[in-house]
$ cat final.pdb   # PDB, C-alpha atoms
ATOM      1  CA  MET A   1     112.345  66.686 239.327  1.00  0.00           C
ATOM      2  CA  SER A   2     109.551  68.944 238.176  1.00  0.00           C
ATOM      3  CA  GLU A   3     105.853  68.396 238.750  1.00  0.00           C
ATOM      4  CA  ASP A   4     105.164  68.335 235.008  1.00  0.00           C
ATOM      5  CA  PHE A   5     107.687  65.656 234.023  1.00  0.00           C
ATOM      6  CA  TYR A   6     106.919  61.977 234.381  1.00  0.00           C
ATOM      7  CA  ALA A   7     108.642  58.773 233.385  1.00  0.00           C
ATOM      8  CA  LEU A   8     106.269  56.119 232.100  1.00  0.00           C
ATOM      9  CA  VAL A   9     107.164  52.464 231.926  1.00  0.00           C
ATOM     10  CA  VAL A  10     104.765  50.407 229.809  1.00  0.00           C
ATOM     11  CA  LYS A  11     104.920  46.664 230.240  1.00  0.00           C
ATOM     12  CA  LYS A  12     102.951  45.602 227.149  1.00  0.00           C
ATOM     13  CA  LEU A  13     101.785  47.429 224.037  1.00  0.00           C
ATOM     14  CA  PRO A  14      99.961  46.199 220.914  1.00  0.00           C
ATOM     15  CA  ASP A  15     102.189  46.075 217.809  1.00  0.00           C
ATOM     16  CA  ASN A  16      99.995  48.321 215.633  1.00  0.00           C
ATOM     17  CA  GLN A  17      99.401  51.076 218.216  1.00  0.00           C
ATOM     18  CA  THR A  18     101.117  54.386 217.355  1.00  0.00           C
ATOM     19  CA  SER A  19     100.182  56.469 220.367  1.00  0.00           C
ATOM     20  CA  LEU A  20      99.568  55.914 224.006  1.00  0.00           C
ATOM     21  CA  TYR A  21      96.995  58.068 225.810  1.00  0.00           C
ATOM     22  CA  VAL A  22      97.766  59.050 229.363  1.00  0.00           C
ATOM     23  CA  ALA A  23      95.750  61.010 231.899  1.00  0.00           C
ATOM     24  CA  ILE A  24      97.331  61.983 235.185  1.00  0.00           C
ATOM     25  CA  GLY A  25      95.104  62.599 238.158  1.00  0.00           C
ATOM     26  CA  THR A  26      93.081  60.953 240.854  1.00  0.00           C
ATOM     27  CA  ASN A  27      90.035  58.848 240.077  1.00  0.00           C
ATOM     28  CA  LYS A  28      87.864  61.683 241.364  1.00  0.00           C
ATOM     29  CA  GLN A  29      89.553  64.203 239.027  1.00  0.00           C
ATOM     30  CA  LEU A  30      89.188  61.836 236.086  1.00  0.00           C
ATOM     31  CA  ASN A  31      85.607  60.844 236.996  1.00  0.00           C
ATOM     32  CA  GLY A  32      86.722  57.279 237.513  1.00  0.00           C
ATOM     33  CA  GLY A  33      87.844  56.732 233.930  1.00  0.00           C
ATOM     34  CA  LEU A  34      89.815  57.934 230.946  1.00  0.00           C
ATOM     35  CA  SER A  35      88.491  59.833 227.994  1.00  0.00           C
ATOM     36  CA  MET A  36      90.131  61.319 224.914  1.00  0.00           C
ATOM     37  CA  LEU A  37      89.374  64.825 226.200  1.00  0.00           C
ATOM     38  CA  SER A  38      91.090  64.351 229.552  1.00  0.00           C
ATOM     39  CA  SER A  39      94.164  62.535 228.245  1.00  0.00           C
ATOM     40  CA  GLN A  40      97.259  63.474 226.319  1.00  0.00           C
ATOM     41  CA  PRO A  41      98.604  61.407 223.417  1.00  0.00           C
ATOM     42  CA  ILE A  42     102.193  60.306 223.832  1.00  0.00           C
ATOM     43  CA  SER A  43     104.078  59.249 220.732  1.00  0.00           C
ATOM     44  CA  ILE A  44     105.670  55.862 221.105  1.00  0.00           C
ATOM     45  CA  GLN A  45     107.903  56.202 218.060  1.00  0.00           C
ATOM     46  CA  LYS A  46     110.973  56.379 220.303  1.00  0.00           C
ATOM     47  CA  ALA A  47     109.810  53.494 222.438  1.00  0.00           C
ATOM     48  CA  THR A  48     112.192  50.594 222.656  1.00  0.00           C
ATOM     49  CA  SER A  49     111.443  47.101 223.786  1.00  0.00           C
ATOM     50  CA  SER A  50     113.821  46.198 226.545  1.00  0.00           C
ATOM     51  CA  GLY A  51     112.628  42.625 226.846  1.00  0.00           C
ATOM     52  CA  ARG A  52     112.549  43.084 230.571  1.00  0.00           C
ATOM     53  CA  SER A  53     110.594  45.317 232.868  1.00  0.00           C
ATOM     54  CA  SER A  54     112.858  47.617 234.795  1.00  0.00           C
ATOM     55  CA  THR A  55     112.753  51.185 235.983  1.00  0.00           C
ATOM     56  CA  PRO A  56     115.370  53.463 234.428  1.00  0.00           C
ATOM     57  CA  SER A  57     118.107  54.701 236.736  1.00  0.00           C
ATOM     58  CA  ASP A  58     117.857  58.088 238.396  1.00  0.00           C
ATOM     59  CA  HIS A  59     120.659  59.369 236.161  1.00  0.00           C
ATOM     60  CA  VAL A  60     118.824  58.341 232.991  1.00  0.00           C
ATOM     61  CA  LEU A  61     115.616  59.943 234.263  1.00  0.00           C
ATOM     62  CA  GLU A  62     117.494  63.143 235.128  1.00  0.00           C
ATOM     63  CA  GLN A  63     119.025  63.305 231.648  1.00  0.00           C
ATOM     64  CA  GLU A  64     115.621  62.806 230.029  1.00  0.00           C
ATOM     65  CA  TYR A  65     114.162  65.481 232.290  1.00  0.00           C
ATOM     66  CA  PHE A  66     116.920  67.988 231.477  1.00  0.00           C
ATOM     67  CA  SER A  67     116.512  67.258 227.770  1.00  0.00           C
ATOM     68  CA  TYR A  68     112.753  67.755 228.057  1.00  0.00           C
ATOM     69  CA  MET A  69     113.192  71.061 229.909  1.00  0.00           C
ATOM     70  CA  VAL A  70     115.651  72.395 227.296  1.00  0.00           C
ATOM     71  CA  HIS A  71     113.074  71.561 224.612  1.00  0.00           C
ATOM     72  CA  PHE A  72     110.211  72.997 226.704  1.00  0.00           C
ATOM     73  CA  TYR A  73     111.937  76.339 227.260  1.00  0.00           C
ATOM     74  CA  GLY A  74     113.000  76.467 223.602  1.00  0.00           C
ATOM     75  CA  LYS A  75     109.329  76.230 222.612  1.00  0.00           C
ATOM     76  CA  ARG A  76     108.405  78.932 225.137  1.00  0.00           C
ATOM     77  CA  ILE A  77     111.057  81.261 223.724  1.00  0.00           C
ATOM     78  CA  THR A  78     109.629  80.736 220.236  1.00  0.00           C
ATOM     79  CA  THR A  79     106.117  81.476 221.512  1.00  0.00           C
ATOM     80  CA  TYR A  80     107.205  84.668 223.267  1.00  0.00           C
ATOM     81  CA  ARG A  81     109.185  85.831 220.227  1.00  0.00           C
ATOM     82  CA  GLN A  82     105.988  85.525 218.196  1.00  0.00           C
ATOM     83  CA  LYS A  83     104.167  87.568 220.838  1.00  0.00           C
ATOM     84  CA  VAL A  84     106.816  90.297 220.570  1.00  0.00           C
ATOM     85  CA  LYS A  85     106.515  90.242 216.784  1.00  0.00           C
ATOM     86  CA  ASP A  86     102.706  90.489 216.980  1.00  0.00           C
ATOM     87  CA  ALA A  87     102.923  93.320 219.519  1.00  0.00           C
ATOM     88  CA  ASP A  88     105.376  95.203 217.261  1.00  0.00           C
ATOM     89  CA  ALA A  89     102.935  94.942 214.354  1.00  0.00           C
ATOM     90  CA  ASN A  90     100.041  96.083 216.553  1.00  0.00           C
ATOM     91  CA  ILE A  91     102.071  98.991 217.926  1.00  0.00           C
ATOM     92  CA  ALA A  92     102.955 100.161 214.411  1.00  0.00           C
ATOM     93  CA  THR A  93      99.298  99.982 213.357  1.00  0.00           C
ATOM     94  CA  LEU A  94      98.124 101.827 216.461  1.00  0.00           C
ATOM     95  CA  LYS A  95     100.725 104.576 216.011  1.00  0.00           C
ATOM     96  CA  ALA A  96      99.613 105.098 212.404  1.00  0.00           C
ATOM     97  CA  THR A  97      95.967 105.180 213.486  1.00  0.00           C
ATOM     98  CA  LEU A  98      96.755 107.649 216.256  1.00  0.00           C
ATOM     99  CA  LYS A  99      98.581 109.927 213.820  1.00  0.00           C
ATOM    100  CA  LYS A 100      95.571 109.930 211.463  1.00  0.00           C
ATOM    101  CA  GLN A 101      93.164 110.582 214.318  1.00  0.00           C
ATOM    102  CA  LYS A 102      95.187 113.532 215.591  1.00  0.00           C
ATOM    103  CA  ALA A 103      95.484 114.959 212.070  1.00  0.00           C
ATOM    104  CA  SER A 104      91.717 114.788 211.546  1.00  0.00           C
ATOM    105  CA  LEU A 105      91.022 116.409 214.904  1.00  0.00           C
ATOM    106  CA  SER A 106      91.922 119.917 213.673  1.00  0.00           C
ATOM    107  CA  VAL A 107      89.282 119.920 210.912  1.00  0.00           C
ATOM    108  CA  GLN A 108      86.440 118.535 213.033  1.00  0.00           C
ATOM    109  CA  THR A 109      83.900 120.363 215.179  1.00  0.00           C
ATOM    110  CA  GLY A 110      81.329 119.558 217.857  1.00  0.00           C
ATOM    111  CA  SER A 111      80.304 115.952 218.342  1.00  0.00           C
ATOM    112  CA  GLN A 112      82.758 114.704 215.697  1.00  0.00           C
ATOM    113  CA  LYS A 113      85.623 116.286 217.607  1.00  0.00           C
ATOM    114  CA  THR A 114      84.398 114.764 220.895  1.00  0.00           C
ATOM    115  CA  ALA A 115      84.106 111.305 219.311  1.00  0.00           C
ATOM    116  CA  THR A 116      87.570 111.603 217.782  1.00  0.00           C
ATOM    117  CA  LYS A 117      89.046 112.637 221.156  1.00  0.00           C
ATOM    118  CA  GLN A 118      87.473 109.530 222.695  1.00  0.00           C
ATOM    119  CA  ASN A 119      88.904 107.398 219.862  1.00  0.00           C
ATOM    120  CA  ILE A 120      92.333 108.953 220.443  1.00  0.00           C
ATOM    121  CA  SER A 121      92.069 108.112 224.130  1.00  0.00           C
ATOM    122  CA  ASP A 122      91.065 104.516 223.336  1.00  0.00           C
ATOM    123  CA  THR A 123      93.904 104.157 220.823  1.00  0.00           C
ATOM    124  CA  GLU A 124      96.456 105.513 223.309  1.00  0.00           C
ATOM    125  CA  SER A 125      95.182 103.054 225.914  1.00  0.00           C
ATOM    126  CA  SER A 126      95.482 100.166 223.433  1.00  0.00           C
ATOM    127  CA  LEU A 127      98.973 101.339 222.515  1.00  0.00           C
ATOM    128  CA  LYS A 128     100.064 101.303 226.174  1.00  0.00           C
ATOM    129  CA  THR A 129      98.575  97.827 226.594  1.00  0.00           C
ATOM    130  CA  GLN A 130     100.491  96.525 223.547  1.00  0.00           C
ATOM    131  CA  GLN A 131     103.721  98.106 224.787  1.00  0.00           C
ATOM    132  CA  THR A 132     103.220  96.483 228.196  1.00  0.00           C
ATOM    133  CA  GLU A 133     102.549  93.104 226.574  1.00  0.00           C
ATOM    134  CA  ARG A 134     105.682  93.462 224.457  1.00  0.00           C
ATOM    135  CA  THR A 135     107.809  94.317 227.504  1.00  0.00           C
ATOM    136  CA  SER A 136     106.326  91.395 229.414  1.00  0.00           C
ATOM    137  CA  ALA A 137     107.040  88.988 226.540  1.00  0.00           C
ATOM    138  CA  GLN A 138     110.635  90.225 226.320  1.00  0.00           C
ATOM    139  CA  LYS A 139     111.112  89.641 230.053  1.00  0.00           C
ATOM    140  CA  SER A 140     109.626  86.167 229.648  1.00  0.00           C
ATOM    141  CA  ILE A 141     112.082  85.455 226.823  1.00  0.00           C
ATOM    142  CA  GLN A 142     114.968  86.445 229.073  1.00  0.00           C
ATOM    143  CA  SER A 143     113.807  84.270 231.978  1.00  0.00           C
ATOM    144  CA  ALA A 144     113.149  81.321 229.628  1.00  0.00           C
ATOM    145  CA  ARG A 145     116.647  81.712 228.157  1.00  0.00           C
ATOM    146  CA  VAL A 146     118.192  81.644 231.616  1.00  0.00           C
ATOM    147  CA  ALA A 147     116.192  78.541 232.530  1.00  0.00           C
ATOM    148  CA  ARG A 148     117.054  76.802 229.242  1.00  0.00           C
ATOM    149  CA  GLU A 149     120.763  77.556 229.723  1.00  0.00           C
ATOM    150  CA  LYS A 150     120.586  76.196 233.268  1.00  0.00           C
ATOM    151  CA  TYR A 151     119.096  72.917 232.067  1.00  0.00           C
ATOM    152  CA  GLN A 152     121.479  72.790 229.099  1.00  0.00           C
ATOM    153  CA  LYS A 153     124.460  73.006 231.498  1.00  0.00           C
ATOM    154  CA  GLN A 154     123.012  70.252 233.664  1.00  0.00           C
ATOM    155  CA  LEU A 155     122.485  68.110 230.573  1.00  0.00           C
ATOM    156  CA  GLU A 156     126.185  68.280 229.646  1.00  0.00           C
TER     157      GLU A 156
END
$ encode --input "final.pdb" --output "structure tokens"
Amino acid sequence: MSEDFYALVVKKLPDNQTSLYVAIGTNKQLNGGLSMLSSQPISIQKATSSGRSSTPSDHVLEQEYFSYMVHFYGKRITTYRQKVKDADANIATLKATLKKQKASLSVQTGSQKTATKQNISDTESSLKTQQTERTSAQKSIQSARVAREKYQKQLE
């Protein structure tokens, strides 16, 4: 199993409670207590009352873990796709800005020309950064897809 996946068995829960707050860590890490800031809400909508207290089997836990990981990597793919989309928009804007800056360079003189050359340099640097971020996000999408497919196969 992964370090970031846990199975939680709750023995008793009030009827009107909609979420359970869980903080994972040592007492020292949690300052000896729980707070809303250091805990994560867990929805208990899917919770079922078994009438008995038992730990789920390893197979059931594995299936829940694989399902969680498929969902987790699906969310990461969505996040990285948005990053690629944002980078594409930024790249288009920077290219248009760079074109305007280069066009204005021929009619400028002295300090204006020096300032515009510096702006061109800054814009080119930003453009390279955006292109690198886009490439990185695309690689992350590919690795997340591979991981999601791996967990999807194990889930079947």
$ closest_atom_pairs --input "final.pdb" --of "stretch 64-92 of chain A" --to "stretch 130-133 of chain A" --cutoff "12 Å" --atoms "only C-alpha atoms" --output "Markdown table"
| residue | atom | partner | partner_atom | distance |
| --- | --- | --- | --- | --- |
| A:Tyr80 | CA | A:Glu133 | CA | 10.2 |
| A:Arg81 | CA | A:Glu133 | CA | 11.7 |
| A:Gln82 | CA | A:Glu133 | CA | 11.8 |
| A:Lys83 | CA | A:Glu133 | CA | 8.1 |
| A:Val84 | CA | A:Glu133 | CA | 7.9 |
| A:Lys85 | CA | A:Glu133 | CA | 10.9 |
| A:Asp86 | CA | A:Gln130 | CA | 9.2 |
| A:Ala87 | CA | A:Gln130 | CA | 5.7 |
| A:Asp88 | CA | A:Gln130 | CA | 8.1 |
| A:Ala89 | CA | A:Gln130 | CA | 9.6 |
| A:Asn90 | CA | A:Gln130 | CA | 7.0 |
| A:Ile91 | CA | A:Gln130 | CA | 6.3 |
| A:Ala92 | CA | A:Gln130 | CA | 10.1 |
$ write_last_selection --input "final.pdb" --atoms "C-alpha atoms" --output "JSON list (two decimals), in the frame of the given file"
[["chain", "number", "residue", "atom", "x", "y", "z"],
["A", 80, "TYR", "CA", 107.20, 84.67, 223.27],
["A", 81, "ARG", "CA", 109.18, 85.83, 220.23],
["A", 82, "GLN", "CA", 105.99, 85.52, 218.20],
["A", 83, "LYS", "CA", 104.17, 87.57, 220.84],
["A", 84, "VAL", "CA", 106.82, 90.30, 220.57],
["A", 85, "LYS", "CA", 106.52, 90.24, 216.78],
["A", 86, "ASP", "CA", 102.71, 90.49, 216.98],
["A", 87, "ALA", "CA", 102.92, 93.32, 219.52],
["A", 88, "ASP", "CA", 105.38, 95.20, 217.26],
["A", 89, "ALA", "CA", 102.94, 94.94, 214.35],
["A", 90, "ASN", "CA", 100.04, 96.08, 216.55],
["A", 91, "ILE", "CA", 102.07, 98.99, 217.93],
["A", 92, "ALA", "CA", 102.96, 100.16, 214.41]]
$ atom_distance --input "final.pdb" --atom1 "atom CA of A:Leu127" --atom2 "atom CA of A:Ile141"
21.0 Å
$ resolve_selection --input "final.pdb" --expression "the PyMOL selection byres ((chain A and resi 147) around 12)" --output "PyMOL selection string"
chain A and resi 66+69-74+76-77+140-146+148-154
$ write_last_selection --input "final.pdb" --atoms "C-alpha atoms" --output "tab-separated table (two decimals), in the frame of the given file"
chain	number	residue	atom	x	y	z
A	66	PHE	CA	116.92	67.99	231.48
A	69	MET	CA	113.19	71.06	229.91
A	70	VAL	CA	115.65	72.40	227.30
A	71	HIS	CA	113.07	71.56	224.61
A	72	PHE	CA	110.21	73.00	226.70
A	73	TYR	CA	111.94	76.34	227.26
A	74	GLY	CA	113.00	76.47	223.60
A	76	ARG	CA	108.40	78.93	225.14
A	77	ILE	CA	111.06	81.26	223.72
A	140	SER	CA	109.63	86.17	229.65
A	141	ILE	CA	112.08	85.46	226.82
A	142	GLN	CA	114.97	86.44	229.07
A	143	SER	CA	113.81	84.27	231.98
A	144	ALA	CA	113.15	81.32	229.63
A	145	ARG	CA	116.65	81.71	228.16
A	146	VAL	CA	118.19	81.64	231.62
A	148	ARG	CA	117.05	76.80	229.24
A	149	GLU	CA	120.76	77.56	229.72
A	150	LYS	CA	120.59	76.20	233.27
A	151	TYR	CA	119.10	72.92	232.07
A	152	GLN	CA	121.48	72.79	229.10
A	153	LYS	CA	124.46	73.01	231.50
A	154	GLN	CA	123.01	70.25	233.66
$ atom_distance --input "final.pdb" --atom1 "atom CA of A:Thr116" --atom2 "atom CA of A:Gln101"
6.7 Å
$ atom_distance --input "final.pdb" --atom1 "atom CA of A:Glu124" --atom2 "atom CA of A:Val107"
20.3 Å
$ axis_aligned_box --input "final.pdb" --around "stretch 113-120 of chain A" --padding-each-side "8 Å" --output "JSON"
{"center_x": 88.2, "center_y": 111.8, "center_z": 220.2, "size_x": 24.2, "size_y": 24.9, "size_z": 21.1}
$ closest_residue --input "final.pdb" --among "A:Leu94, A:Val60, A:Thr78, A:Ser67" --to "A:Ala137" --atoms "only C-alpha atoms"
A:Thr78
$ residues_around --input "final.pdb" --residues "stretch 118-123 of chain A" --least-positions-apart "5" --cutoff "9 Å" --atoms "all atoms listed in the file" --output "NGL selection string"
:A and (94-95 or 97-98 or 101-102 or 113 or 128)
$ decode --input "final.pdb" --residues "stretch 82-97 of chain A" --atoms "N, CA and C atoms" --output "mmCIF file, in the first residue's frame"
data_model
loop_
_atom_site.group_PDB
_atom_site.id
_atom_site.type_symbol
_atom_site.label_atom_id
_atom_site.label_comp_id
_atom_site.auth_asym_id
_atom_site.auth_seq_id
_atom_site.Cartn_x
_atom_site.Cartn_y
_atom_site.Cartn_z
ATOM 1 N N GLN A 82 -4.871 21.524 -17.197
ATOM 2 C CA GLN A 82 -5.146 22.947 -16.993
ATOM 3 C C GLN A 82 -3.850 23.751 -17.036
ATOM 4 N N LYS A 83 -2.782 23.188 -16.480
ATOM 5 C CA LYS A 83 -1.486 23.870 -16.516
ATOM 6 C C LYS A 83 -0.991 24.021 -17.951
ATOM 7 N N VAL A 84 -1.188 22.985 -18.770
ATOM 8 C CA VAL A 84 -0.794 23.067 -20.178
ATOM 9 C C VAL A 84 -1.618 24.135 -20.885
ATOM 10 N N LYS A 85 -2.906 24.151 -20.613
ATOM 11 C CA LYS A 85 -3.798 25.146 -21.220
ATOM 12 C C LYS A 85 -3.384 26.570 -20.828
ATOM 13 N N ASP A 86 -3.087 26.766 -19.538
ATOM 14 C CA ASP A 86 -2.644 28.081 -19.061
ATOM 15 C C ASP A 86 -1.321 28.476 -19.704
ATOM 16 N N ALA A 87 -0.392 27.523 -19.794
ATOM 17 C CA ALA A 87 0.907 27.804 -20.410
ATOM 18 C C ALA A 87 0.735 28.163 -21.882
ATOM 19 N N ASP A 88 -0.161 27.467 -22.585
ATOM 20 C CA ASP A 88 -0.421 27.793 -24.001
ATOM 21 C C ASP A 88 -0.914 29.228 -24.153
ATOM 22 N N ALA A 89 -1.821 29.632 -23.273
ATOM 23 C CA ALA A 89 -2.349 31.002 -23.323
ATOM 24 C C ALA A 89 -1.238 32.005 -23.032
ATOM 25 N N ASN A 90 -0.410 31.709 -22.035
ATOM 26 C CA ASN A 90 0.700 32.605 -21.694
ATOM 27 C C ASN A 90 1.715 32.695 -22.824
ATOM 28 N N ILE A 91 1.993 31.564 -23.456
ATOM 29 C CA ILE A 91 2.947 31.539 -24.571
ATOM 30 C C ILE A 91 2.434 32.393 -25.724
ATOM 31 N N ALA A 92 1.155 32.270 -26.043
ATOM 32 C CA ALA A 92 0.571 33.068 -27.124
ATOM 33 C C ALA A 92 0.672 34.562 -26.816
ATOM 34 N N THR A 93 0.362 34.926 -25.578
ATOM 35 C CA THR A 93 0.451 36.332 -25.161
ATOM 36 C C THR A 93 1.893 36.840 -25.247
ATOM 37 N N LEU A 94 2.822 36.032 -24.748
ATOM 38 C CA LEU A 94 4.226 36.448 -24.772
ATOM 39 C C LEU A 94 4.767 36.581 -26.193
ATOM 40 N N LYS A 95 4.352 35.684 -27.081
ATOM 41 C CA LYS A 95 4.794 35.779 -28.481
ATOM 42 C C LYS A 95 4.270 37.061 -29.134
ATOM 43 N N ALA A 96 3.014 37.397 -28.849
ATOM 44 C CA ALA A 96 2.436 38.628 -29.400
ATOM 45 C C ALA A 96 3.160 39.850 -28.839
ATOM 46 N N THR A 97 3.449 39.827 -27.554
ATOM 47 C CA THR A 97 4.173 40.933 -26.922
ATOM 48 C C THR A 97 5.569 41.071 -27.519
#
